Every structure is written in C-alpha cells, then in structure tokens.
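File shown: data.csv (CSV, C-alpha atoms).
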```
chain,number,residue,atom,x,y,z
A,1,MET,CA,85.9,93.5,130.8
A,2,HIS,CA,82.8,93.6,128.5
A,3,ILE,CA,80.4,91.1,127.2
A,4,ASN,CA,77.9,91.0,124.3
A,5,ARG,CA,74.7,92.7,125.3
A,6,LYS,CA,72.7,89.7,124.1
A,7,ASN,CA,74.6,87.6,126.7
A,8,THR,CA,73.7,89.7,129.8
A,9,GLY,CA,71.7,88.0,132.5
A,10,ARG,CA,67.9,88.0,132.1
A,11,PHE,CA,67.8,90.0,135.4
A,12,TRP,CA,69.5,93.0,133.7
A,13,PRO,CA,66.7,95.6,133.0
A,14,ILE,CA,68.3,96.9,129.9
A,15,PRO,CA,67.2,96.5,126.2
A,16,LYS,CA,68.8,93.8,124.2
A,17,LYS,CA,69.3,96.3,121.4
A,18,GLY,CA,71.9,99.0,121.6
A,19,THR,CA,75.7,99.1,121.8
A,20,LYS,CA,77.0,95.6,121.0
A,21,TYR,CA,79.0,95.3,124.3
A,22,VAL,CA,78.3,96.3,127.9
A,23,ALA,CA,80.5,96.3,131.0
A,24,VAL,CA,80.5,93.5,133.5
A,25,SER,CA,81.2,93.6,137.3
A,26,THR,CA,84.7,93.3,138.7
A,27,HIS,CA,83.5,90.2,140.5
A,28,ASN,CA,80.3,88.2,141.2
A,29,ARG,CA,79.6,88.6,137.5
A,30,LYS,CA,76.9,85.9,137.3
A,31,SER,CA,74.7,87.4,140.0
A,32,SER,CA,75.3,91.2,139.8
A,33,MET,CA,75.3,94.2,137.5
A,34,PRO,CA,78.2,96.8,137.4
A,35,LEU,CA,77.6,100.2,139.0
A,36,SER,CA,78.1,101.9,135.6
A,37,VAL,CA,75.1,100.1,134.0
A,38,VAL,CA,72.9,100.8,137.1
A,39,MET,CA,73.7,104.5,137.2
A,40,ARG,CA,73.5,105.0,133.4
A,41,ASN,CA,70.7,102.7,132.3
A,42,ILE,CA,68.4,102.4,135.3
A,43,PHE,CA,68.8,105.7,137.2
A,44,LYS,CA,70.0,107.7,134.2
A,45,LEU,CA,72.1,109.8,136.6
A,46,VAL,CA,75.1,109.8,134.2
A,47,LYS,CA,75.6,109.6,130.5
A,48,ASN,CA,79.1,108.0,130.5
A,49,VAL,CA,81.9,106.6,132.6
A,50,LYS,CA,83.6,110.0,132.8
A,51,GLU,CA,80.5,111.5,134.6
A,52,LEU,CA,80.3,108.5,136.9
A,53,LYS,CA,84.0,108.7,137.8
A,54,LYS,CA,83.4,112.4,138.8
A,55,LEU,CA,80.7,111.4,141.3
A,56,LEU,CA,82.8,108.5,142.6
A,57,ASN,CA,85.8,110.8,143.2
A,58,GLU,CA,83.5,113.2,145.1
A,59,GLY,CA,82.4,110.3,147.4
A,60,LYS,CA,78.8,110.7,146.4
A,61,ILE,CA,78.0,107.1,145.8
A,62,LYS,CA,77.9,104.3,148.4
A,63,ILE,CA,77.1,100.6,148.3
A,64,ASN,CA,76.3,98.9,151.6
A,65,GLY,CA,77.5,102.0,153.4
A,66,LYS,CA,80.9,102.0,151.7
A,67,GLU,CA,82.1,104.8,149.4
A,68,ILE,CA,82.8,103.3,146.0
A,69,ARG,CA,85.6,104.2,143.6
A,70,GLU,CA,85.2,101.4,141.0
A,71,VAL,CA,82.9,102.1,138.0
A,72,LYS,CA,82.3,98.4,137.6
A,73,TYR,CA,81.7,97.6,141.3
A,74,PRO,CA,79.0,94.8,141.5
A,75,ILE,CA,75.5,95.4,142.8
A,76,GLY,CA,73.7,92.2,143.7
A,77,LEU,CA,70.4,91.1,145.3
A,78,PHE,CA,69.5,93.2,148.4
A,79,ASP,CA,72.5,95.5,148.1
A,80,ILE,CA,72.0,99.0,149.3
A,81,LEU,CA,72.8,101.8,146.8
A,82,SER,CA,73.0,105.4,148.3
A,83,PHE,CA,73.3,108.7,146.5
A,84,ASN,CA,71.7,112.2,146.6
A,85,THR,CA,70.7,111.6,150.2
A,86,LYS,CA,68.4,108.7,149.1
A,87,ASN,CA,68.8,105.0,149.6
A,88,TYR,CA,67.7,102.1,147.4
A,89,ARG,CA,67.6,98.3,147.9
A,90,SER,CA,68.2,96.1,144.9
A,91,ASN,CA,65.5,93.5,144.4
A,92,PHE,CA,64.2,91.0,141.8
A,93,ASN,CA,60.7,90.3,140.7
A,94,GLY,CA,61.3,87.2,138.6
A,95,LYS,CA,61.8,89.1,135.4
A,96,LYS,CA,64.2,91.9,136.1
A,97,THR,CA,66.2,93.7,138.8
A,98,PHE,CA,64.6,96.8,140.3
A,99,PHE,CA,65.5,99.3,143.0
A,100,GLU,CA,63.1,100.2,145.8
A,101,GLU,CA,63.6,103.4,147.8
A,102,ILE,CA,64.0,102.7,151.5
A,103,LYS,CA,64.2,104.7,154.7
A,104,ILE,CA,67.5,105.8,156.1
A,105,GLU,CA,67.0,103.5,159.1
A,106,GLU,CA,67.0,100.5,156.7
A,107,ALA,CA,70.0,101.6,154.8
A,108,HIS,CA,72.7,100.1,157.1
A,109,THR,CA,71.4,96.5,157.1
A,110,LYS,CA,71.2,93.7,154.6
A,111,ILE,CA,69.8,90.2,154.6
A,112,ILE,CA,72.5,87.7,153.5
A,113,LYS,CA,72.3,84.0,153.2
A,114,ILE,CA,74.8,81.7,154.9
A,115,ILE,CA,76.3,79.2,152.4
A,116,GLY,CA,79.2,77.9,154.4
A,117,LYS,CA,80.3,77.4,158.0
A,118,ASN,CA,83.7,76.6,159.5
A,119,LYS,CA,84.8,76.1,163.1
A,120,LEU,CA,88.1,77.9,163.9
A,121,LYS,CA,90.3,77.9,166.9
A,122,ASN,CA,88.7,78.4,170.3
A,123,ASN,CA,85.3,77.2,168.9
A,124,VAL,CA,84.9,80.5,167.0
A,125,ILE,CA,82.7,80.1,163.9
A,126,GLN,CA,83.3,81.6,160.5
A,127,PHE,CA,80.2,82.1,158.3
A,128,ASN,CA,80.7,82.2,154.5
A,129,LEU,CA,78.0,84.4,153.1
A,130,MET,CA,76.3,84.5,149.7
A,131,ASP,CA,77.7,87.9,148.7
A,132,GLY,CA,81.3,86.7,149.2
A,133,ARG,CA,81.7,88.1,152.7
A,134,ASN,CA,83.1,86.0,155.5
A,135,ILE,CA,82.4,87.0,159.1
A,136,ILE,CA,83.4,85.6,162.5
A,137,SER,CA,80.7,85.2,165.1
A,138,ASN,CA,79.5,83.2,168.1
A,139,GLU,CA,75.9,83.3,166.9
A,140,LYS,CA,74.1,80.0,166.5
A,141,ALA,CA,73.1,79.6,162.9
A,142,GLU,CA,73.3,76.9,160.2
A,143,ILE,CA,74.0,76.8,156.4
A,144,ASN,CA,70.9,78.0,154.5
A,145,ASP,CA,69.9,80.4,157.4
A,146,SER,CA,70.2,84.1,156.7
A,147,ILE,CA,71.6,86.9,158.8
A,148,LEU,CA,70.6,90.6,159.0
A,149,TYR,CA,74.0,92.2,158.9
A,150,ASP,CA,74.7,95.7,160.2
A,151,PHE,CA,77.3,97.6,158.1
A,152,ASN,CA,77.8,100.2,160.8
A,153,SER,CA,78.6,97.9,163.7
A,154,LYS,CA,79.9,95.1,161.3
A,155,LYS,CA,77.9,92.6,163.4
A,156,ILE,CA,75.0,90.3,163.0
A,157,LYS,CA,71.9,92.0,164.1
A,158,LYS,CA,69.5,89.0,163.7
A,159,ILE,CA,69.5,85.3,162.6
A,160,ILE,CA,66.7,84.4,160.2
A,161,LYS,CA,66.1,80.7,160.3
A,162,MET,CA,65.3,78.6,157.2
A,163,GLU,CA,62.4,76.8,158.8
A,164,LYS,CA,58.8,75.8,158.6
A,165,GLY,CA,56.6,78.9,159.3
A,166,GLY,CA,59.3,81.3,158.1
A,167,SER,CA,59.4,83.2,154.9
A,168,GLY,CA,61.5,82.4,151.8
A,169,PHE,CA,62.5,84.3,148.7
A,170,VAL,CA,63.5,82.2,145.6
A,171,VAL,CA,66.7,83.5,143.9
A,172,LYS,CA,67.4,80.8,141.3
A,173,GLY,CA,65.4,78.5,139.0
A,174,LYS,CA,62.1,78.9,137.2
A,175,HIS,CA,60.4,80.2,140.3
A,176,SER,CA,63.0,82.9,141.0
A,177,GLY,CA,61.5,86.1,142.3
A,178,GLU,CA,58.6,84.3,144.1
A,179,LYS,CA,58.3,84.5,147.8
A,180,GLY,CA,56.0,83.3,150.5
A,181,LYS,CA,55.5,81.3,153.7
A,182,ILE,CA,57.5,78.1,154.1
A,183,LEU,CA,54.9,75.5,154.7
A,184,ASP,CA,57.3,72.6,155.1
A,185,ILE,CA,60.9,71.4,154.6
A,186,VAL,CA,61.5,67.9,153.4
A,187,ASN,CA,64.4,65.7,152.3
A,188,VAL,CA,64.0,63.9,149.0
A,189,GLY,CA,66.8,61.8,147.6
A,190,GLY,CA,69.4,63.7,149.7
A,191,LYS,CA,68.1,67.1,148.6
A,192,GLU,CA,66.5,69.4,151.1
A,193,LEU,CA,63.3,71.0,149.5
A,194,ALA,CA,61.0,73.6,150.8
A,195,VAL,CA,57.3,73.9,150.1
A,196,ILE,CA,56.4,77.6,149.7
A,197,ASP,CA,53.0,79.2,149.4
A,198,ASP,CA,53.0,82.1,147.0
A,199,LYS,CA,49.3,82.1,146.0
A,200,LYS,CA,50.1,78.6,144.8
A,201,LYS,CA,52.3,75.9,146.3
A,202,ILE,CA,55.7,75.5,144.8
A,203,ILE,CA,58.6,73.1,145.7
A,204,VAL,CA,62.1,74.6,145.6
A,205,TRP,CA,65.5,73.4,146.6
A,206,THR,CA,66.5,75.2,149.8
A,207,LYS,CA,69.8,76.0,148.1
A,208,ASN,CA,67.9,78.3,145.8
A,209,ILE,CA,66.0,80.1,148.6
A,210,ILE,CA,66.9,83.0,151.0
A,211,ALA,CA,65.2,83.0,154.3
A,212,ILE,CA,63.8,86.5,154.8
```
Can the structure in the file be given as structure tokens, please?
Amino acid sequence: MHINRKNTGRFWPIPKKGTKYVAVSTHNRKSSMPLSVVMRNIFKLVKNVKELKKLLNEGKIKINGKEIREVKYPIGLFDILSFNTKNYRSNFNGKKTFFEEIKIEEAHTKIIKIIGKNKLKNNVIQFNLMDGRNIISNEKAEINDSILYDFNSKKIKKIIKMEKGGSGFVVKGKHSGEKGKILDIVNVGGKELAVIDDKKKIIVWTKNIIAI
C-alpha cells in the first residue's frame, strides 16, 4: 500500500517534494515508517526495493534482534535497527525521526510503554504494550508504566514507573519530543496529567508520555 507523499506523518524525515506516492508500513501505520523508506531515504543504503530485498534475503537487516524479510516492515519509536555490524535506535526530537547509533550492549533491549493489563488464569498477568506486543509476566506494573524488554531472553529486564521524580518522554501532542523530570502527577476532570520540567514546565496527559 502507498499514500500521497504530502500525507505522510510529520515525523517522517523525507522531503514533501518527490515521487507522488510513498510506501507505508504493513502495520502500525500511524506511528511508524516502513523499512524501505528508512533504508533508502535516511540511510541511503539502497536505491530501490530490489536492492533492499537482496539485503533482506541475505539476512543482513534486523529490527529488535529479529531478521526481517518484509520491505515494508514498520520501524517505530525506540525500535532497534541493525545492519553492517552497527546498531541504531529510532528516536524523535519533536520535528522528525532520527536514528542514533548505540553500543552492542544496548541493542537487545527496548523501552516499551504498558497500555493495557489483563489478569489471566492462575493470577498470571498479560501486559499489552504500545508496540503491539503482548507478554505474560508476574512483574508488578501498572498501565502507563514502561518496561525495559530484553529481546534475547524475551523477558522484562526492568520496570520503569510512571511516577513523580521519574523521567518522561512526550510522544503525542504539541509537546511531542520533549522530555524531562516528572515533577508531579495530578488528576483533573478524570484525566491523569503529568507536570514535566524540560527547561520549562509543561502539563501533559500521561497517556501521551512514556516513562523512560
């Protein structure tokens, strides 16, 4: 599937002028970019889909530790992209997506927000995560907390609480891309809001923040 280039998300770091249509991700389309756009337009490692398919067939590209075969596989916030023995984490600065090179020790973990929680049989908890993943765990965590997930062990390495004194990264709204210390969390009209200090105090719905 393709969309008009002018309708791509503002977080896409590609020019608005060029071919009329660009590819979209196979899923998570509103919050991700397809691998083909990332490898061609950002890293400029390939010129076309044919060249990308060759790399994929050779097993040279991984996302979150998994070898990828789909040219339109989605890459979202904090995803880890690996190729040519290097590893990059997807990030957002409020204007566009960018990729920061990280050490190999960091390449097997990712911070993911908990957006849902269900109790299953035998008091086992299923956490529904922001990137579409569902995991079973006995860890004590609540909706809006984050986890540091280890792709190698497929287990939660750490719980990051959404709480006063912690750190938050804004992912939606006019303050997206801003981050800082959570000064307070308050409830106003049934909505939980966080006060974040990022050189200036901002108030953001906790639903739009990832605890980091």
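Nearest to A:Ile143 of all the residues A:Lys181, A:Arg69, A:Lys113, A:Lys121 is A:Lys113, counting all atoms listed in the file.
The spacing separating atom CA of A:Asn91 from atom CA of A:Phe78 amounts to 5.7 Å.
If only C-alpha atoms are the atoms counted, then among A:Ser36, A:Ser153, A:Ser31, A:Asn93 the closest residue to A:Asp79 is A:Ser31.
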**Asked** Which of these, A:Lys154, A:Phe99, A:Asn87, A:Ile125, has the shortest distance to A:Lys62 once you count all atoms listed in the file?
**Response** A:Asn87
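The space separating atom CA of A:Ile111 from atom CA of A:Asp150 comes to 9.3 Å.
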**Request:** Could you check how far atom CA of A:Pro34 sits from atom CA of A:Gly65, in Å to one decimal?
**Result:** 16.8 Å
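Distance annotation: of A:Ser90, A:Ser32, A:Asn128, A:Asn208, the residue with the minimal separation from A:Tyr73 is A:Ser32; atom set is only C-alpha atoms.
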**Complete:** A:Gly173 proximity check over A:Asn41, A:Trp205, A:Arg89, A:Glu105, using only C-alpha atoms: winner is A:Trp205
**Request:** Using all atoms listed in the file, pick whichever of A:Lys72, A:His108, A:Lys47, A:Lys191 has the shortest atom-to-atom distance to A:Leu35.
**Result:** A:Lys72
**Request:** Excluding A:His175 and any residue of its chain fewer than 3 positions from it, enumerate the residues within 9 Å of it, using all atoms listed in the file, and give them as a list in words.
**Result:** Gly94, Val170, Val171, Lys172, Glu178, Lys179, Ile202 and Val204 of chain A
**Request:** May I have the residues within 9 Å of stretch 53-59 of chain A as a PyMOL selection string, using all atoms listed in the file and disregarding those fewer than 2 positions away in the same chain?
**Result:** chain A and resi 48-51+61-62+67-71
Tell me which protein, DNA and RNA residues are within 12 Å of A:Asn118, counting all atoms listed in the file, leaving out same-chain ones fewer than 3 positions away, and put them as an mmCIF file with C-alpha atoms, in the coordinates of the input.
```
data_model
loop_
_atom_site.group_PDB
_atom_site.id
_atom_site.type_symbol
_atom_site.label_atom_id
_atom_site.label_comp_id
_atom_site.auth_asym_id
_atom_site.auth_seq_id
_atom_site.Cartn_x
_atom_site.Cartn_y
_atom_site.Cartn_z
ATOM 1 C CA ILE A 114 74.800 81.700 154.900
ATOM 2 C CA ILE A 115 76.300 79.200 152.400
ATOM 3 C CA LYS A 121 90.300 77.900 166.900
ATOM 4 C CA ASN A 123 85.300 77.200 168.900
ATOM 5 C CA VAL A 124 84.900 80.500 167.000
ATOM 6 C CA ILE A 125 82.700 80.100 163.900
ATOM 7 C CA GLN A 126 83.300 81.600 160.500
ATOM 8 C CA PHE A 127 80.200 82.100 158.300
ATOM 9 C CA ASN A 128 80.700 82.200 154.500
ATOM 10 C CA LEU A 129 78.000 84.400 153.100
ATOM 11 C CA ASN A 134 83.100 86.000 155.500
ATOM 12 C CA ILE A 135 82.400 87.000 159.100
ATOM 13 C CA ILE A 136 83.400 85.600 162.500
ATOM 14 C CA SER A 137 80.700 85.200 165.100
ATOM 15 C CA ASN A 138 79.500 83.200 168.100
ATOM 16 C CA ALA A 141 73.100 79.600 162.900
ATOM 17 C CA GLU A 142 73.300 76.900 160.200
ATOM 18 C CA ILE A 143 74.000 76.800 156.400
#
```
List the neighbours of A:Leu183 out to 7 Å using only C-alpha atoms; skip same-chain residues closer than 3 positions along the sequence, and give me the result as a PDB file with C-alpha atoms, keeping the file's coordinate frame.
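The result, written out as around_31.pdb:
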```pdb
ATOM      1  CA  LYS A 164      58.800  75.800 158.600  1.00  0.00           C
ATOM      2  CA  GLY A 165      56.600  78.900 159.300  1.00  0.00           C
ATOM      3  CA  VAL A 195      57.300  73.900 150.100  1.00  0.00           C
ATOM      4  CA  ILE A 196      56.400  77.600 149.700  1.00  0.00           C
ATOM      5  CA  ASP A 197      53.000  79.200 149.400  1.00  0.00           C
TER       6      ASP A 197
END
```
